[in-house]
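Printed here is start-v9.cif (mmCIF, C-alpha atoms):
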data_data
#
loop_
_atom_site.label_atom_id
_atom_site.label_comp_id
_atom_site.auth_asym_id
_atom_site.auth_seq_id
_atom_site.Cartn_x
_atom_site.Cartn_y
_atom_site.Cartn_z
CA MET A 1 6.89 -41.38 -2.21
CA ILE A 2 4.28 -39.99 0.18
CA LYS A 3 5.72 -38.26 3.26
CA THR A 4 3.87 -37.53 6.44
CA ASP A 5 4.25 -37.40 10.23
CA ILE A 6 2.09 -40.36 11.20
CA ILE A 7 1.11 -43.27 9.00
CA ILE A 8 -2.17 -44.62 10.31
CA ILE A 9 -2.86 -48.19 9.27
CA GLY A 10 -6.62 -48.66 9.36
CA ALA A 11 -9.23 -46.00 8.63
CA GLY A 12 -11.77 -47.17 11.18
CA PRO A 13 -13.16 -44.86 13.90
CA CYS A 14 -9.99 -45.02 15.95
CA GLY A 15 -7.69 -44.33 12.98
CA LEU A 16 -9.89 -41.43 11.87
CA PHE A 17 -9.97 -39.80 15.30
CA THR A 18 -6.18 -40.08 15.49
CA VAL A 19 -6.05 -37.55 12.63
CA PHE A 20 -7.95 -35.06 14.80
CA GLU A 21 -5.79 -35.44 17.89
CA ALA A 22 -2.61 -35.39 15.80
CA GLY A 23 -3.89 -32.31 13.98
CA LEU A 24 -4.21 -30.44 17.25
CA LEU A 25 -0.48 -30.99 17.69
CA LYS A 26 0.18 -29.95 14.07
CA LEU A 27 1.10 -33.46 13.05
CA LYS A 28 -0.03 -34.57 9.59
CA CYS A 29 -1.47 -38.01 8.94
CA HIS A 30 -1.82 -40.42 6.06
CA LEU A 31 -4.39 -43.20 6.36
CA VAL A 32 -4.05 -46.58 4.66
CA ASP A 33 -6.87 -49.11 4.54
CA VAL A 34 -7.47 -52.32 2.64
CA LEU A 35 -11.14 -51.42 2.25
CA PRO A 36 -12.11 -49.02 -0.54
CA GLN A 37 -13.84 -46.61 1.87
CA PRO A 38 -13.08 -45.20 5.33
CA GLY A 39 -14.96 -46.37 8.43
CA GLY A 40 -13.64 -49.89 8.90
CA GLN A 41 -16.09 -52.33 10.44
CA LEU A 42 -18.61 -49.55 11.03
CA THR A 43 -19.04 -49.01 7.31
CA GLU A 44 -18.29 -52.52 6.12
CA VAL A 45 -20.07 -54.65 8.70
CA TYR A 46 -22.75 -52.73 10.57
CA PRO A 47 -23.45 -49.25 9.12
CA LYS A 48 -27.13 -49.39 10.13
CA LYS A 49 -26.60 -50.58 13.70
CA PRO A 50 -27.07 -48.04 16.48
CA ILE A 51 -24.21 -47.53 18.93
CA TYR A 52 -25.23 -46.44 22.42
CA ASP A 53 -21.95 -45.79 24.21
CA ILE A 54 -20.51 -42.80 22.40
CA PRO A 55 -20.50 -39.98 24.96
CA GLY A 56 -22.95 -37.27 24.03
CA TYR A 57 -24.90 -39.47 21.62
CA PRO A 58 -27.64 -41.50 23.31
CA SER A 59 -27.78 -43.43 20.05
CA ILE A 60 -25.94 -43.03 16.78
CA LEU A 61 -25.86 -45.23 13.69
CA ALA A 62 -22.38 -46.61 12.98
CA GLY A 63 -22.44 -45.13 9.47
CA ASP A 64 -23.39 -41.71 10.85
CA LEU A 65 -20.57 -41.80 13.37
CA VAL A 66 -18.09 -42.35 10.54
CA GLU A 67 -19.58 -39.42 8.63
CA LYS A 68 -19.25 -37.17 11.66
CA LEU A 69 -15.66 -38.28 12.25
CA MET A 70 -14.87 -37.48 8.61
CA THR A 71 -16.28 -33.98 9.11
CA GLN A 72 -14.37 -33.57 12.35
CA ILE A 73 -10.99 -34.42 10.79
CA GLU A 74 -11.54 -32.47 7.56
CA PRO A 75 -9.67 -29.35 8.82
CA PHE A 76 -6.54 -31.48 9.22
CA ALA A 77 -6.62 -32.57 5.56
CA PRO A 78 -5.50 -36.17 5.96
CA SER A 79 -4.43 -38.03 2.84
CA TYR A 80 -5.56 -41.56 2.04
CA THR A 81 -4.43 -44.74 0.35
CA LEU A 82 -7.59 -46.85 0.18
CA GLY A 83 -8.12 -50.33 -1.22
CA GLU A 84 -4.51 -51.28 -0.55
CA LYS A 85 -3.02 -53.55 2.04
CA VAL A 86 0.15 -52.67 3.92
CA GLU A 87 2.62 -55.45 3.22
CA SER A 88 5.94 -54.46 4.71
CA VAL A 89 7.71 -51.96 6.88
CA GLU A 90 11.33 -50.97 6.63
CA LYS A 91 13.52 -48.72 8.71
CA SER A 92 14.92 -46.18 6.24
CA ASP A 93 16.69 -44.02 8.77
CA GLU A 94 17.05 -43.77 12.52
CA LYS A 95 13.68 -42.08 12.80
CA LEU A 96 12.06 -42.94 9.51
CA TYR A 97 9.89 -45.83 8.48
CA THR A 98 8.88 -46.69 4.93
CA ILE A 99 5.85 -48.86 4.42
CA THR A 100 4.94 -50.52 1.15
CA THR A 101 1.47 -51.68 0.11
CA ASN A 102 0.51 -54.66 -2.02
CA LYS A 103 0.16 -52.26 -4.96
CA GLY A 104 3.62 -50.82 -4.46
CA THR A 105 2.57 -47.49 -2.89
CA GLN A 106 5.28 -46.26 -0.51
CA ILE A 107 4.73 -43.97 2.44
CA GLN A 108 7.37 -42.51 4.77
CA ALA A 109 6.97 -41.21 8.30
CA PRO A 110 8.77 -41.25 11.64
CA VAL A 111 5.73 -42.76 13.36
CA ILE A 112 3.37 -45.60 12.52
CA ALA A 113 0.06 -45.99 14.31
CA ILE A 114 -1.51 -49.39 13.77
CA ALA A 115 -5.25 -48.94 14.15
CA GLY A 116 -6.06 -52.08 12.23
CA GLY A 117 -9.07 -53.24 14.24
CA LEU A 118 -9.56 -56.92 13.72
CA GLY A 119 -7.15 -56.92 10.81
CA CYS A 120 -7.75 -56.63 7.09
CA PHE A 121 -10.96 -57.85 5.62
CA GLU A 122 -10.36 -60.70 3.22
CA PRO A 123 -12.75 -62.98 1.37
CA ARG A 124 -13.90 -65.91 3.47
CA LYS A 125 -12.53 -69.07 1.92
CA PRO A 126 -14.58 -72.25 2.16
CA PRO A 127 -12.69 -75.07 3.90
CA ILE A 128 -12.46 -77.33 0.87
CA GLN A 129 -9.35 -79.43 0.68
CA GLY A 130 -6.95 -78.39 -2.06
CA LEU A 131 -8.89 -75.21 -2.88
CA GLU A 132 -5.73 -73.04 -2.64
CA GLN A 133 -4.01 -74.92 -5.44
CA PHE A 134 -6.68 -73.68 -7.85
CA GLU A 135 -6.64 -70.04 -6.71
CA ASP A 136 -6.41 -67.95 -9.89
CA LYS A 137 -6.58 -71.24 -11.78
CA GLY A 138 -10.33 -71.49 -11.75
CA VAL A 139 -11.12 -70.44 -8.20
CA ASP A 140 -11.97 -66.75 -7.74
CA TYR A 141 -13.00 -65.14 -4.44
CA MET A 142 -13.78 -61.79 -5.99
CA ILE A 143 -14.64 -60.53 -9.42
CA LYS A 144 -12.58 -57.73 -10.81
CA ASP A 145 -13.21 -58.10 -14.51
CA PRO A 146 -16.43 -59.88 -15.53
CA GLU A 147 -15.08 -60.27 -19.08
CA LYS A 148 -12.78 -62.97 -17.76
CA PHE A 149 -15.84 -65.18 -17.49
CA ARG A 150 -17.20 -64.72 -21.01
CA ASN A 151 -18.40 -68.04 -22.46
CA LYS A 152 -17.24 -69.94 -19.38
CA LYS A 153 -19.06 -72.42 -17.20
CA LEU A 154 -19.40 -70.94 -13.72
CA LEU A 155 -20.38 -72.22 -10.32
CA ILE A 156 -21.19 -69.42 -7.86
CA ALA A 157 -21.63 -70.32 -4.18
CA GLY A 158 -23.36 -68.18 -1.55
CA GLY A 159 -26.74 -66.78 -0.64
CA GLY A 160 -26.14 -63.10 -0.10
CA ASP A 161 -26.17 -59.94 -2.15
CA SER A 162 -22.84 -60.41 -3.86
CA ALA A 163 -23.70 -63.98 -4.92
CA LEU A 164 -27.07 -62.80 -6.26
CA ASP A 165 -25.73 -59.68 -7.98
CA TRP A 166 -22.94 -61.52 -9.73
CA THR A 167 -25.28 -64.32 -10.78
CA ILE A 168 -27.47 -61.72 -12.48
CA GLU A 169 -24.59 -59.94 -14.15
CA LEU A 170 -22.64 -63.01 -15.22
CA ALA A 171 -25.76 -64.75 -16.60
CA GLU A 172 -25.46 -62.40 -19.57
CA ILE A 173 -21.80 -63.06 -20.18
CA ALA A 174 -21.05 -66.63 -19.20
CA LYS A 175 -21.93 -69.76 -21.09
CA GLU A 176 -23.53 -71.33 -18.06
CA VAL A 177 -24.14 -70.10 -14.49
CA THR A 178 -25.02 -72.34 -11.58
CA LEU A 179 -25.77 -70.82 -8.17
CA ILE A 180 -25.46 -73.10 -5.19
CA HIS A 181 -26.71 -72.21 -1.72
CA ARG A 182 -26.99 -73.89 1.68
CA ARG A 183 -30.64 -72.98 2.24
CA THR A 184 -33.77 -72.71 0.10
CA SER A 185 -34.26 -69.01 0.73
CA PHE A 186 -31.87 -66.26 -0.29
CA ARG A 187 -31.14 -63.18 1.74
CA GLY A 188 -30.24 -59.93 0.05
CA ALA A 189 -32.28 -57.34 -1.79
CA ILE A 190 -35.75 -58.62 -2.70
CA ASP A 191 -35.33 -57.22 -6.17
CA SER A 192 -32.18 -59.28 -6.76
CA VAL A 193 -33.78 -62.44 -5.42
CA HIS A 194 -36.68 -61.83 -7.82
CA LYS A 195 -34.37 -61.36 -10.78
CA VAL A 196 -32.43 -64.52 -10.02
CA MET A 197 -35.63 -66.54 -9.70
CA LEU A 198 -36.80 -65.15 -13.03
CA LEU A 199 -33.50 -66.07 -14.68
CA ALA A 200 -33.85 -69.57 -13.27
CA LYS A 201 -37.37 -69.83 -14.69
CA GLU A 202 -36.08 -68.77 -18.09
CA LYS A 203 -33.37 -71.42 -17.72
CA LYS A 204 -30.65 -68.78 -17.93
CA VAL A 205 -29.22 -69.80 -14.57
CA ASN A 206 -29.33 -73.06 -12.74
CA ILE A 207 -30.03 -72.94 -9.00
CA ILE A 208 -29.12 -75.72 -6.60
CA THR A 209 -30.35 -75.13 -3.05
CA GLU A 210 -29.70 -76.99 0.19
CA ALA A 211 -26.31 -77.90 -1.20
CA GLN A 212 -22.63 -77.14 -0.67
CA ALA A 213 -19.46 -77.59 -2.67
CA VAL A 214 -17.37 -80.22 -0.92
CA ALA A 215 -14.43 -80.94 -3.22
CA VAL A 216 -12.56 -79.52 -6.19
CA LYS A 217 -10.76 -81.42 -8.92
CA GLY A 218 -8.63 -80.62 -11.92
CA ASN A 219 -5.31 -81.16 -13.56
CA GLY A 220 -3.43 -77.90 -12.98
CA THR A 221 -6.58 -75.87 -13.59
CA LEU A 222 -9.98 -76.44 -12.06
CA SER A 223 -12.34 -78.62 -14.08
CA GLU A 224 -14.78 -80.17 -11.65
CA VAL A 225 -16.55 -79.36 -8.38
CA ILE A 226 -18.18 -82.02 -6.25
CA ILE A 227 -21.50 -80.85 -4.86
CA LYS A 228 -23.33 -82.42 -1.94
CA SER A 229 -27.04 -81.72 -1.90
CA LYS A 230 -29.75 -82.79 0.50
CA ALA A 231 -31.91 -84.09 -2.33
CA LYS A 232 -29.39 -85.72 -4.66
CA GLY A 233 -26.42 -86.62 -2.49
CA GLU A 234 -22.96 -86.12 -3.98
CA PHE A 235 -22.52 -85.36 -7.66
CA SER A 236 -19.96 -83.77 -9.90
CA GLN A 237 -20.30 -80.63 -11.97
CA GLN A 238 -17.99 -79.60 -14.81
CA VAL A 239 -16.90 -75.98 -14.40
CA ASP A 240 -14.31 -73.53 -15.67
CA HIS A 241 -14.61 -71.29 -12.63
CA PHE A 242 -15.76 -71.76 -9.06
CA ILE A 243 -16.64 -68.46 -7.38
CA PRO A 244 -17.29 -68.79 -3.61
CA LEU A 245 -18.86 -65.56 -2.31
CA PHE A 246 -19.15 -65.89 1.46
CA GLY A 247 -18.44 -62.34 2.53
CA LEU A 248 -15.37 -60.95 4.20
CA THR A 249 -13.57 -61.93 7.36
CA PRO A 250 -10.83 -60.04 9.17
CA LYS A 251 -7.28 -61.40 9.26
CA LEU A 252 -4.32 -59.85 11.09
CA GLY A 253 -2.35 -60.31 7.88
CA PRO A 254 1.21 -59.19 7.15
CA ILE A 255 1.43 -57.09 10.36
CA SER A 256 1.76 -60.37 12.26
CA GLU A 257 5.18 -60.79 10.64
CA TRP A 258 6.58 -57.41 11.65
CA GLY A 259 8.23 -58.81 14.74
CA LEU A 260 5.93 -57.00 17.17
CA SER A 261 4.98 -58.76 20.36
CA ILE A 262 1.61 -60.41 19.72
CA HIS A 263 -0.77 -62.19 22.07
CA ARG A 264 -3.82 -64.00 20.63
CA SER A 265 -3.80 -61.99 17.37
CA SER A 266 -3.54 -58.67 19.25
CA ILE A 267 -0.50 -56.42 19.55
CA GLU A 268 0.84 -55.95 23.07
CA VAL A 269 1.30 -52.33 24.10
CA ASN A 270 2.44 -50.24 27.02
CA THR A 271 -0.59 -48.44 28.46
CA LEU A 272 1.54 -45.37 29.18
CA ASP A 273 1.30 -44.34 25.53
CA TYR A 274 0.11 -47.44 23.60
CA SER A 275 3.56 -47.97 22.15
CA THR A 276 4.59 -51.41 20.93
CA ASP A 277 7.97 -52.91 21.72
CA THR A 278 9.32 -51.25 18.57
CA LEU A 279 10.26 -47.58 18.89
CA GLY A 280 8.04 -45.30 16.81
CA ILE A 281 5.34 -47.93 16.24
CA TYR A 282 2.12 -47.66 18.23
CA ALA A 283 -1.01 -49.81 18.25
CA ILE A 284 -4.42 -48.43 19.19
CA GLY A 285 -8.03 -49.61 19.20
CA ASP A 286 -9.26 -53.17 18.79
CA ILE A 287 -5.91 -54.42 17.49
CA ASN A 288 -4.00 -53.90 20.74
CA THR A 289 -4.10 -55.70 24.04
CA TYR A 290 -3.10 -54.89 27.62
CA PRO A 291 -4.33 -55.86 31.05
CA GLY A 292 -7.91 -54.64 31.34
CA LYS A 293 -8.34 -54.01 27.61
CA LEU A 294 -11.86 -53.33 26.42
CA LYS A 295 -12.60 -53.37 22.72
CA LEU A 296 -14.71 -50.23 22.63
CA ILE A 297 -14.65 -47.32 20.19
CA LEU A 298 -14.69 -45.08 23.25
CA CYS A 299 -11.46 -46.62 24.57
CA GLY A 300 -9.86 -46.43 21.13
CA PHE A 301 -10.45 -42.65 21.09
CA HIS A 302 -8.73 -42.33 24.44
CA GLU A 303 -5.80 -44.45 23.28
CA ALA A 304 -5.42 -42.37 20.11
CA THR A 305 -5.33 -39.16 22.18
CA LEU A 306 -2.56 -40.32 24.50
CA MET A 307 -0.68 -41.97 21.67
CA VAL A 308 -0.24 -38.78 19.61
CA GLN A 309 1.17 -36.94 22.63
CA SER A 310 3.88 -39.59 22.87
CA ALA A 311 4.39 -39.53 19.09
CA PHE A 312 4.94 -35.77 19.20
CA LYS A 313 7.58 -36.10 21.93
CA TYR A 314 9.25 -38.87 19.94
CA ILE A 315 9.36 -36.83 16.73
CA TYR A 316 10.34 -33.54 18.41
CA PRO A 317 12.21 -34.47 21.60
CA ASP A 318 13.47 -30.91 22.06
CA GLN A 319 10.15 -29.13 21.70
CA LYS A 320 8.02 -28.51 24.69
CA LEU A 321 4.43 -29.59 24.27
CA SER A 322 1.97 -27.49 26.19
CA PHE A 323 -1.48 -28.93 26.44
CA LYS A 324 -4.34 -26.76 25.20
CA TYR A 325 -8.09 -27.16 25.35
CA THR A 326 -9.97 -26.91 22.05
CA THR A 327 -12.41 -24.62 23.89
CA VAL A 328 -9.58 -22.14 24.34
CA THR A 329 -7.80 -22.37 21.01
CA GLY A 330 -10.51 -23.61 18.67
CA ILE A 331 -9.54 -25.72 15.70
CA GLU A 332 -6.72 -24.42 13.59
CA GLY A 333 -6.82 -26.46 10.44
CA PHE A 334 -3.87 -26.97 8.13
CA GLU A 335 -5.17 -24.75 5.33
CA ASN A 336 -5.09 -21.66 7.58
CA SER A 337 -1.82 -22.30 9.29
CA MET B 1 -26.26 -70.76 38.02
CA ILE B 2 -26.63 -73.50 35.43
CA LYS B 3 -24.23 -76.03 33.96
CA ILE B 4 -23.44 -76.38 30.28
CA ASN B 5 -21.44 -79.22 28.74
CA CYS B 6 -19.20 -78.20 25.92
CA LYS B 7 -17.08 -80.40 23.66
CA ASP B 8 -14.13 -78.45 22.30
CA ARG B 9 -12.45 -78.91 18.91
CA ASP B 10 -10.02 -81.45 20.34
CA GLY B 11 -12.88 -83.61 21.55
CA GLU B 12 -12.39 -82.67 25.20
CA PHE B 13 -15.39 -81.99 27.40
CA HIS B 14 -15.75 -78.95 29.64
CA GLU B 15 -18.38 -78.32 32.27
CA LEU B 16 -19.15 -74.63 32.18
CA GLU B 17 -20.91 -72.76 34.94
CA ALA B 18 -23.13 -69.98 33.72
CA PRO B 19 -25.02 -67.42 35.79
CA THR B 20 -28.58 -66.87 34.59
CA ASP B 21 -29.10 -63.43 36.06
CA MET B 22 -26.56 -61.40 34.08
CA SER B 23 -28.06 -61.60 30.58
CA PHE B 24 -25.07 -63.46 29.21
CA ASN B 25 -25.17 -65.31 25.94
CA LEU B 26 -23.47 -68.64 25.30
CA MET B 27 -20.58 -67.09 23.35
CA GLU B 28 -19.71 -64.95 26.37
CA ILE B 29 -19.74 -68.04 28.59
CA PHE B 30 -17.34 -69.79 26.19
CA LYS B 31 -15.02 -66.80 26.26
CA ALA B 32 -15.23 -66.43 30.03
CA HIS B 33 -13.97 -70.01 30.31
CA GLU B 34 -11.19 -69.25 27.81
CA LEU B 35 -12.44 -71.66 25.20
CA PRO B 36 -11.05 -70.85 21.73
CA VAL B 37 -14.07 -68.91 20.49
CA GLU B 38 -13.34 -65.59 18.84
CA GLY B 39 -16.69 -63.80 18.93
CA ILE B 40 -15.18 -61.18 16.68
CA CYS B 41 -18.29 -59.05 16.19
CA GLY B 42 -19.05 -59.03 19.88
CA GLY B 43 -22.40 -60.78 19.69
CA MET B 44 -24.27 -59.00 16.91
CA ALA B 45 -24.68 -62.13 14.75
CA LEU B 46 -22.34 -60.55 12.25
CA CYS B 47 -19.34 -62.84 12.01
CA ALA B 48 -20.14 -66.52 12.66
CA SER B 49 -16.92 -67.00 14.62
CA CYS B 50 -18.92 -68.39 17.57
CA HIS B 51 -20.57 -71.13 15.51
CA CYS B 52 -21.49 -74.21 17.57
CA TYR B 53 -23.63 -77.34 17.38
CA VAL B 54 -26.41 -78.01 19.87
CA HIS B 55 -26.63 -81.71 20.71
CA SER B 56 -29.19 -81.89 23.51
CA ASP B 57 -32.89 -81.37 22.80
CA HIS B 58 -33.31 -78.27 24.94
CA LYS B 59 -35.93 -75.95 23.56
CA LEU B 60 -34.16 -72.95 22.06
CA SER B 61 -35.70 -69.97 20.37
CA ASP B 62 -35.56 -70.25 16.57
CA PRO B 63 -32.64 -68.54 14.88
CA SER B 64 -33.44 -65.04 13.69
CA GLU B 65 -33.16 -64.04 10.05
CA ASP B 66 -29.86 -62.30 10.90
CA GLU B 67 -28.49 -65.48 12.40
CA GLU B 68 -29.56 -67.59 9.41
CA ASN B 69 -27.99 -65.06 7.07
CA MET B 70 -24.74 -65.28 8.95
CA LEU B 71 -24.82 -69.07 9.01
CA ASP B 72 -25.02 -68.85 5.21
CA GLN B 73 -21.55 -67.41 5.26
CA ALA B 74 -20.20 -69.94 7.74
CA PHE B 75 -18.80 -73.33 6.91
CA PHE B 76 -19.33 -76.81 8.39
CA VAL B 77 -22.97 -75.83 8.90
CA GLU B 78 -25.28 -78.63 10.04
CA ASP B 79 -28.96 -78.79 10.94
CA ASN B 80 -28.09 -78.21 14.61
CA SER B 81 -25.79 -75.27 13.91
CA ARG B 82 -26.25 -72.09 15.93
CA LEU B 83 -24.37 -68.91 16.61
CA SER B 84 -23.68 -69.19 20.31
CA CYS B 85 -23.92 -65.40 20.74
CA GLN B 86 -27.61 -65.64 19.89
CA ILE B 87 -28.36 -68.17 22.63
CA LYS B 88 -29.39 -66.37 25.81
CA ILE B 89 -28.45 -68.09 29.05
CA THR B 90 -31.65 -68.96 30.92
CA LYS B 91 -32.56 -71.45 33.64
CA ASP B 92 -34.16 -73.72 31.01
CA LEU B 93 -30.75 -74.36 29.49
CA ASP B 94 -29.36 -76.28 32.48
CA GLY B 95 -27.50 -79.34 31.16
CA LEU B 96 -27.28 -78.00 27.59
CA GLU B 97 -24.85 -80.01 25.45
CA VAL B 98 -22.95 -78.12 22.80
CA GLU B 99 -19.91 -78.57 20.61
CA LEU B 100 -17.63 -75.94 19.09
CA ALA B 101 -17.79 -76.03 15.29
CA PRO B 102 -14.50 -76.32 13.43
CA VAL B 103 -12.92 -73.13 12.13
CA GLY B 104 -11.96 -72.78 8.47
CA GLU B 105 -8.47 -72.07 7.16
#
Step by step, read the file and then write its structure as structure tokens.
Amino acid sequence: MIKTDIIIIGAGPCGLFTVFEAGLLKLKCHLVDVLPQPGGQLTEVYPKKPIYDIPGYPSILAGDLVEKLMTQIEPFAPSYTLGEKVESVEKSDEKLYTITTNKGTQIQAPVIAIAGGLGCFEPRKPPIQGLEQFEDKGVDYMIKDPEKFRNKKLLIAGGGDSALDWTIELAEIAKEVTLIHRRTSFRGAIDSVHKVMLLAKEKKVNIITEAQAVAVKGNGTLSEVIIKSKAKGEFSQQVDHFIPLFGLTPKLGPISEWGLSIHRSSIEVNTLDYSTDTLGIYAIGDINTYPGKLKLILCGFHEATLMVQSAFKYIYPDQKLSFKYTTVTGIEGFENS
Amino acid sequence: MIKINCKDRDGEFHELEAPTDMSFNLMEIFKAHELPVEGICGGMALCASCHCYVHSDHKLSDPSEDEENMLDQAFFVEDNSRLSCQIKITKDLDGLEVELAPVGE
């Protein structure tokens, strides 16, 4: 069991900065994120995009901002659980929550700060009727162990890097690989596109462009995918596995079932301290909503700052909190204290 | 100010007023009128949640490579599919007819 002062759900910019502000008050933090690396959307979606409204930085790349935040919070030695999704929360004591992830990791703290952004990133599932019934029975949205596909007939859908990369890798292992894509041109690294085209020339993979999968069939396990192409109309293809690779999309996920007050997939908070309607649980950044809310990193930083003040008073109601400027006290990290 | 006709996912029509002097894009106009368009990424052509169909033959700028890439990850894509966040509101778009694309899941 991991124990800390504040469990931060979501390691995006807002979650990361919370560690800093909490650290100034000597509160320790543990970050949990479904993505395998910190940074949230900034790292996952737009690392190379410049951001222009971070005070003091006329322009900063999203990826660089995450790096700088990581440096800034280093003195406060946060701990991480990455690549895991928070599933449930339980009240273990009057002032103690225990959260459990999908992999069974348990973390305990008096305070939870939900900094979940748009939610957890999950594979985008194509809207094909009955697709869910074949999940793990021939339909795979991500590839964990390529060996699973040895000597199998595969249909990969998508036109981006992951579709291209897996087509290249699985061509060696599988019995047959077909790549199907909506357009004639592929995006993604030029090198990968080249390799796939070469494999197609050598008849090691089969490419169907200007086509989409429209239906799935099978008796218990997937056996057939119906493809609709511009050139050939609808036709059926025998497959063992259908692997749609259409990137990731954020979903609010299990947090929506925690009983918090939610409006249009955002958690309602009190702007006094960004607390939810459940004592000890706060929501900051893009995931919260209140009159006048702006989904800006800048505003998330402000929310995080006020939130930890309230969290401190909640955890230590008898201690007096005197506000100090970092210019006066400097940064006293946890190693030195 | 121009007028845009939008068919929502229930088949209902909405006449949307859009100012041309505030560098809005179509996604922002949808949201301003509280139509159920998410616009998750905020208009960077990074999420496809503002996917729409353009029905009238107004002359629009061609989709950028970024937009095409994103449409590759969207569903229910047709020849007249666009990401509304990439359509700038200009005077030429008066009377534009659009329809919100269905959302998956």
Original post:
Given the file above and the PyMOL selection byres ((chain A and resi 213-230) around 7), which residues are selected, and can you give them as an NGL selection string?
Top reply: :A and (128-129 or 131 or 134 or 137-138 or 210-212 or 231-241)
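Ranking B:Pro36, B:Gly95, B:Pro19, B:Gly11 by their shortest atom-to-atom distance to chain A, with only C-alpha atoms included, puts B:Pro36 first.
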Pull out every residue that the PyMOL selection byres ((chain A and resi 75) around 10) matches in the shown coordinates and put them as a PDB file with C-alpha atoms, keeping the file's coordinate frame.
ATOM      1  CA  VAL A  19      -6.050 -37.550  12.630  1.00  0.00           C
ATOM      2  CA  PHE A  20      -7.950 -35.060  14.800  1.00  0.00           C
ATOM      3  CA  GLY A  23      -3.890 -32.310  13.980  1.00  0.00           C
ATOM      4  CA  MET A  70     -14.870 -37.480   8.610  1.00  0.00           C
ATOM      5  CA  THR A  71     -16.280 -33.980   9.110  1.00  0.00           C
ATOM      6  CA  GLN A  72     -14.370 -33.570  12.350  1.00  0.00           C
ATOM      7  CA  ILE A  73     -10.990 -34.420  10.790  1.00  0.00           C
ATOM      8  CA  GLU A  74     -11.540 -32.470   7.560  1.00  0.00           C
ATOM      9  CA  PHE A  76      -6.540 -31.480   9.220  1.00  0.00           C
ATOM     10  CA  ALA A  77      -6.620 -32.570   5.560  1.00  0.00           C
ATOM     11  CA  PRO A  78      -5.500 -36.170   5.960  1.00  0.00           C
ATOM     12  CA  ILE A 331      -9.540 -25.720  15.700  1.00  0.00           C
ATOM     13  CA  GLU A 332      -6.720 -24.420  13.590  1.00  0.00           C
ATOM     14  CA  GLY A 333      -6.820 -26.460  10.440  1.00  0.00           C
ATOM     15  CA  PHE A 334      -3.870 -26.970   8.130  1.00  0.00           C
ATOM     16  CA  GLU A 335      -5.170 -24.750   5.330  1.00  0.00           C
ATOM     17  CA  ASN A 336      -5.090 -21.660   7.580  1.00  0.00           C
TER      18      ASN A 336
END
**OP:** Considering all atoms listed in the file, extract the chain A residues located within 10 Å of chain B and return them as a PyMOL selection string.
**Re:** chain A and resi 41+45-46+49+118+124-129+157-160+181-183+185-188+212+244-250+264+295
Subject >> Hits of the PyMOL selection byres ((chain B and resi 97) around 9) in this structure, as a count of residues only >> reply: 14
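For the pair atom CA of A:Gly10 and atom CA of A:His263, the separation is 19.5 Å.
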**OP:** Between atom CA of A:Ser265 and atom CA of A:Leu252, measure the distance and give it in Å to one decimal.
**Re:** 6.7 Å
